[in-house]
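What follows is one structure encoded as structure tokens, with my remarks underneath.
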Amino acid sequence: MNVRARALTQTHTPLDAHAMDQALQRRAVSKEEWEKRLAQVKVRKEDMNRLIMNFLVTEGYVDAAERFQQESGTQPEIDLATITDRMTVRRAVQSGNVEDAIYRVNDLNPEILDTNPQLFFHLQQQRLIELIRNQKIQEALEFAQEELAPRGEENKQFLEELERTVALLAFEDTSSCPVGDLLDISQRQRTASELNAAILTSQSHERDPRLPSLLKMLVWVQKELDAKNVIYPRIADLATATLEDPPSL
């Protein structure tokens, strides 16, 4: 991430707080003044490298993580070999092969599903969705009754989700039905992400990469400044982290 973007997310920096407070009291900070203070923030290259490695590992970019390890000497927080297994499980859900994903995750670590009933229900729910998607109506009804209904009786939230899923069977044209979003690819992605996070947790790794959290913090800080009508050089494009010239002071 660009050093400027990183700097804006720091909660404790060697900036001249009094000078910045005075500038903010004027409700205007020039680009030159902003850049001068950003330049005072020292970010270690090792910290930046760890941030990048954390993102690559969490998101499953095993080849990129291996190359980055070789080039930068940054050690990953987990064995990179485990990323391949995790991504195989994730891709199985993303392609609609939920049964294979369940088999593989149990082979990887059976405690993941044993200790996470909500995740297991969502995987079974996704299996039901795939049966409906493939027009296997009778099989879908039997699966819902045998595998999901008993869990719905024990959990009100599960029951509501089951009823919403079964409602797909009432519509011939699911593209315009109220619950048609369950058939969207985004539904598969949500289930795959939930499973991916559970595997990471079982490996004592963070569920989410740190980089997006820092970027969200940057966006939040800028919204706070905007709400206070502060004129400052904001970052509109997070991809480049380029400071825009503020309106005339």
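To be explicit about the labels: the chains of the structure tokens are called A, B, and onward in the order shown, and within each one the residues are counted from 1, while ligands get numbers from 1 in the order they are shown.
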Considering only C-alpha atoms, tabulate each residue of range 63-168 of chain A that lies at most 12 Å from range 185-205 of chain A along with its nearest interatomic pair and the corresponding distance in Å to one decimal; arrange the rows by chain and ascending residue number and present them as JSON lines.
```
{"residue": "A:Pro76", "atom": "CA", "partner": "A:His205", "partner_atom": "CA", "distance": 10.6}
{"residue": "A:Glu77", "atom": "CA", "partner": "A:His205", "partner_atom": "CA", "distance": 7.5}
{"residue": "A:Ile78", "atom": "CA", "partner": "A:His205", "partner_atom": "CA", "distance": 7.5}
{"residue": "A:Asp79", "atom": "CA", "partner": "A:Gln203", "partner_atom": "CA", "distance": 9.5}
{"residue": "A:Leu80", "atom": "CA", "partner": "A:Gln203", "partner_atom": "CA", "distance": 11.7}
{"residue": "A:Thr82", "atom": "CA", "partner": "A:Gln203", "partner_atom": "CA", "distance": 9.1}
{"residue": "A:Ile83", "atom": "CA", "partner": "A:Leu200", "partner_atom": "CA", "distance": 9.4}
{"residue": "A:Thr84", "atom": "CA", "partner": "A:Asn196", "partner_atom": "CA", "distance": 11.8}
{"residue": "A:Asp85", "atom": "CA", "partner": "A:Ile199", "partner_atom": "CA", "distance": 10.0}
{"residue": "A:Arg86", "atom": "CA", "partner": "A:Asn196", "partner_atom": "CA", "distance": 6.8}
{"residue": "A:Met87", "atom": "CA", "partner": "A:Asn196", "partner_atom": "CA", "distance": 7.9}
{"residue": "A:Thr88", "atom": "CA", "partner": "A:Asn196", "partner_atom": "CA", "distance": 10.2}
{"residue": "A:Val89", "atom": "CA", "partner": "A:Asn196", "partner_atom": "CA", "distance": 7.9}
{"residue": "A:Arg90", "atom": "CA", "partner": "A:Ala192", "partner_atom": "CA", "distance": 5.3}
{"residue": "A:Arg91", "atom": "CA", "partner": "A:Ala192", "partner_atom": "CA", "distance": 7.6}
{"residue": "A:Ala92", "atom": "CA", "partner": "A:Ala192", "partner_atom": "CA", "distance": 8.4}
{"residue": "A:Val93", "atom": "CA", "partner": "A:Ala192", "partner_atom": "CA", "distance": 5.5}
{"residue": "A:Gln94", "atom": "CA", "partner": "A:Arg188", "partner_atom": "CA", "distance": 5.3}
{"residue": "A:Ser95", "atom": "CA", "partner": "A:Arg188", "partner_atom": "CA", "distance": 7.9}
{"residue": "A:Gly96", "atom": "CA", "partner": "A:Arg188", "partner_atom": "CA", "distance": 7.2}
{"residue": "A:Asn97", "atom": "CA", "partner": "A:Arg188", "partner_atom": "CA", "distance": 10.1}
{"residue": "A:Val98", "atom": "CA", "partner": "A:Ala192", "partner_atom": "CA", "distance": 9.3}
{"residue": "A:Ala101", "atom": "CA", "partner": "A:Leu195", "partner_atom": "CA", "distance": 9.3}
{"residue": "A:Ile102", "atom": "CA", "partner": "A:Leu195", "partner_atom": "CA", "distance": 9.6}
{"residue": "A:Arg104", "atom": "CA", "partner": "A:Ile199", "partner_atom": "CA", "distance": 11.3}
{"residue": "A:Val105", "atom": "CA", "partner": "A:Ile199", "partner_atom": "CA", "distance": 8.1}
{"residue": "A:Asn106", "atom": "CA", "partner": "A:Ile199", "partner_atom": "CA", "distance": 10.6}
{"residue": "A:Asp107", "atom": "CA", "partner": "A:Ile199", "partner_atom": "CA", "distance": 11.9}
{"residue": "A:Leu108", "atom": "CA", "partner": "A:Ile199", "partner_atom": "CA", "distance": 8.8}
{"residue": "A:Asn109", "atom": "CA", "partner": "A:Ser202", "partner_atom": "CA", "distance": 8.1}
{"residue": "A:Pro110", "atom": "CA", "partner": "A:Ser202", "partner_atom": "CA", "distance": 10.4}
{"residue": "A:Glu111", "atom": "CA", "partner": "A:Ser202", "partner_atom": "CA", "distance": 8.5}
{"residue": "A:Ile112", "atom": "CA", "partner": "A:Ala198", "partner_atom": "CA", "distance": 6.8}
{"residue": "A:Leu113", "atom": "CA", "partner": "A:Ala198", "partner_atom": "CA", "distance": 8.7}
{"residue": "A:Asp114", "atom": "CA", "partner": "A:Ala198", "partner_atom": "CA", "distance": 11.5}
{"residue": "A:Thr115", "atom": "CA", "partner": "A:Ala198", "partner_atom": "CA", "distance": 10.0}
{"residue": "A:Asn116", "atom": "CA", "partner": "A:Ala198", "partner_atom": "CA", "distance": 8.3}
{"residue": "A:Pro117", "atom": "CA", "partner": "A:Ala198", "partner_atom": "CA", "distance": 11.5}
{"residue": "A:Gln118", "atom": "CA", "partner": "A:Glu194", "partner_atom": "CA", "distance": 9.9}
{"residue": "A:Leu119", "atom": "CA", "partner": "A:Leu195", "partner_atom": "CA", "distance": 6.8}
{"residue": "A:Phe120", "atom": "CA", "partner": "A:Leu195", "partner_atom": "CA", "distance": 8.9}
{"residue": "A:Phe121", "atom": "CA", "partner": "A:Thr191", "partner_atom": "CA", "distance": 10.3}
{"residue": "A:His122", "atom": "CA", "partner": "A:Thr191", "partner_atom": "CA", "distance": 6.7}
{"residue": "A:Leu123", "atom": "CA", "partner": "A:Thr191", "partner_atom": "CA", "distance": 6.8}
{"residue": "A:Gln124", "atom": "CA", "partner": "A:Thr191", "partner_atom": "CA", "distance": 10.2}
{"residue": "A:Gln125", "atom": "CA", "partner": "A:Thr191", "partner_atom": "CA", "distance": 9.4}
{"residue": "A:Gln126", "atom": "CA", "partner": "A:Arg188", "partner_atom": "CA", "distance": 7.3}
{"residue": "A:Arg127", "atom": "CA", "partner": "A:Arg188", "partner_atom": "CA", "distance": 10.1}
{"residue": "A:Leu128", "atom": "CA", "partner": "A:Arg188", "partner_atom": "CA", "distance": 11.9}
{"residue": "A:Ile129", "atom": "CA", "partner": "A:Arg188", "partner_atom": "CA", "distance": 9.5}
{"residue": "A:Glu130", "atom": "CA", "partner": "A:Arg188", "partner_atom": "CA", "distance": 9.5}
{"residue": "A:Arg133", "atom": "CA", "partner": "A:Ile185", "partner_atom": "CA", "distance": 11.4}
{"residue": "A:Thr165", "atom": "CA", "partner": "A:Gln187", "partner_atom": "CA", "distance": 11.7}
```
inquiry  = Just list as a ChimeraX atom specification whatever in range 59-167 of chain A DSSP marks as alpha helix (DSSP H).
reply    = /A:59,62-72,81-94,98-108,111-114,117-133,137-143,149-154,156-166
inquiry  = I want to know what sits within 10 Å of Pro212 in chain A, based on only C-alpha atoms, with residues of the same chain fewer than 5 positions away left out; could you give that as JSON, numbers by chain?
reply    = {"A": [55, 217, 218]}
Would you put the residues from that selection into a file with N, CA and C atoms, as an mmCIF file, in the first residue's frame?
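Written out: part.cif:
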```cif
data_model
loop_
_atom_site.group_PDB
_atom_site.id
_atom_site.type_symbol
_atom_site.label_atom_id
_atom_site.label_comp_id
_atom_site.auth_asym_id
_atom_site.auth_seq_id
_atom_site.Cartn_x
_atom_site.Cartn_y
_atom_site.Cartn_z
ATOM 1 N N PHE A 55 -1.836 -10.217 3.346
ATOM 2 C CA PHE A 55 -2.896 -10.165 2.335
ATOM 3 C C PHE A 55 -2.804 -11.362 1.391
ATOM 4 N N MET A 217 -10.389 2.213 7.174
ATOM 5 C CA MET A 217 -10.105 3.243 8.169
ATOM 6 C C MET A 217 -9.788 4.569 7.490
ATOM 7 N N LEU A 218 -9.046 4.498 6.397
ATOM 8 C CA LEU A 218 -8.722 5.707 5.641
ATOM 9 C C LEU A 218 -9.986 6.374 5.111
#
```
ask   = Between CA of Arg207 in chain A and CA of Gln75 in chain A, what is the distance, to one decimal in Å?
value =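 Between these atoms lies a distance of 18.5 Å.
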Separation of CA of Pro233 in chain A from CA of Ser30 in chain A, in Å and rounded to one decimal = 7.0 Å
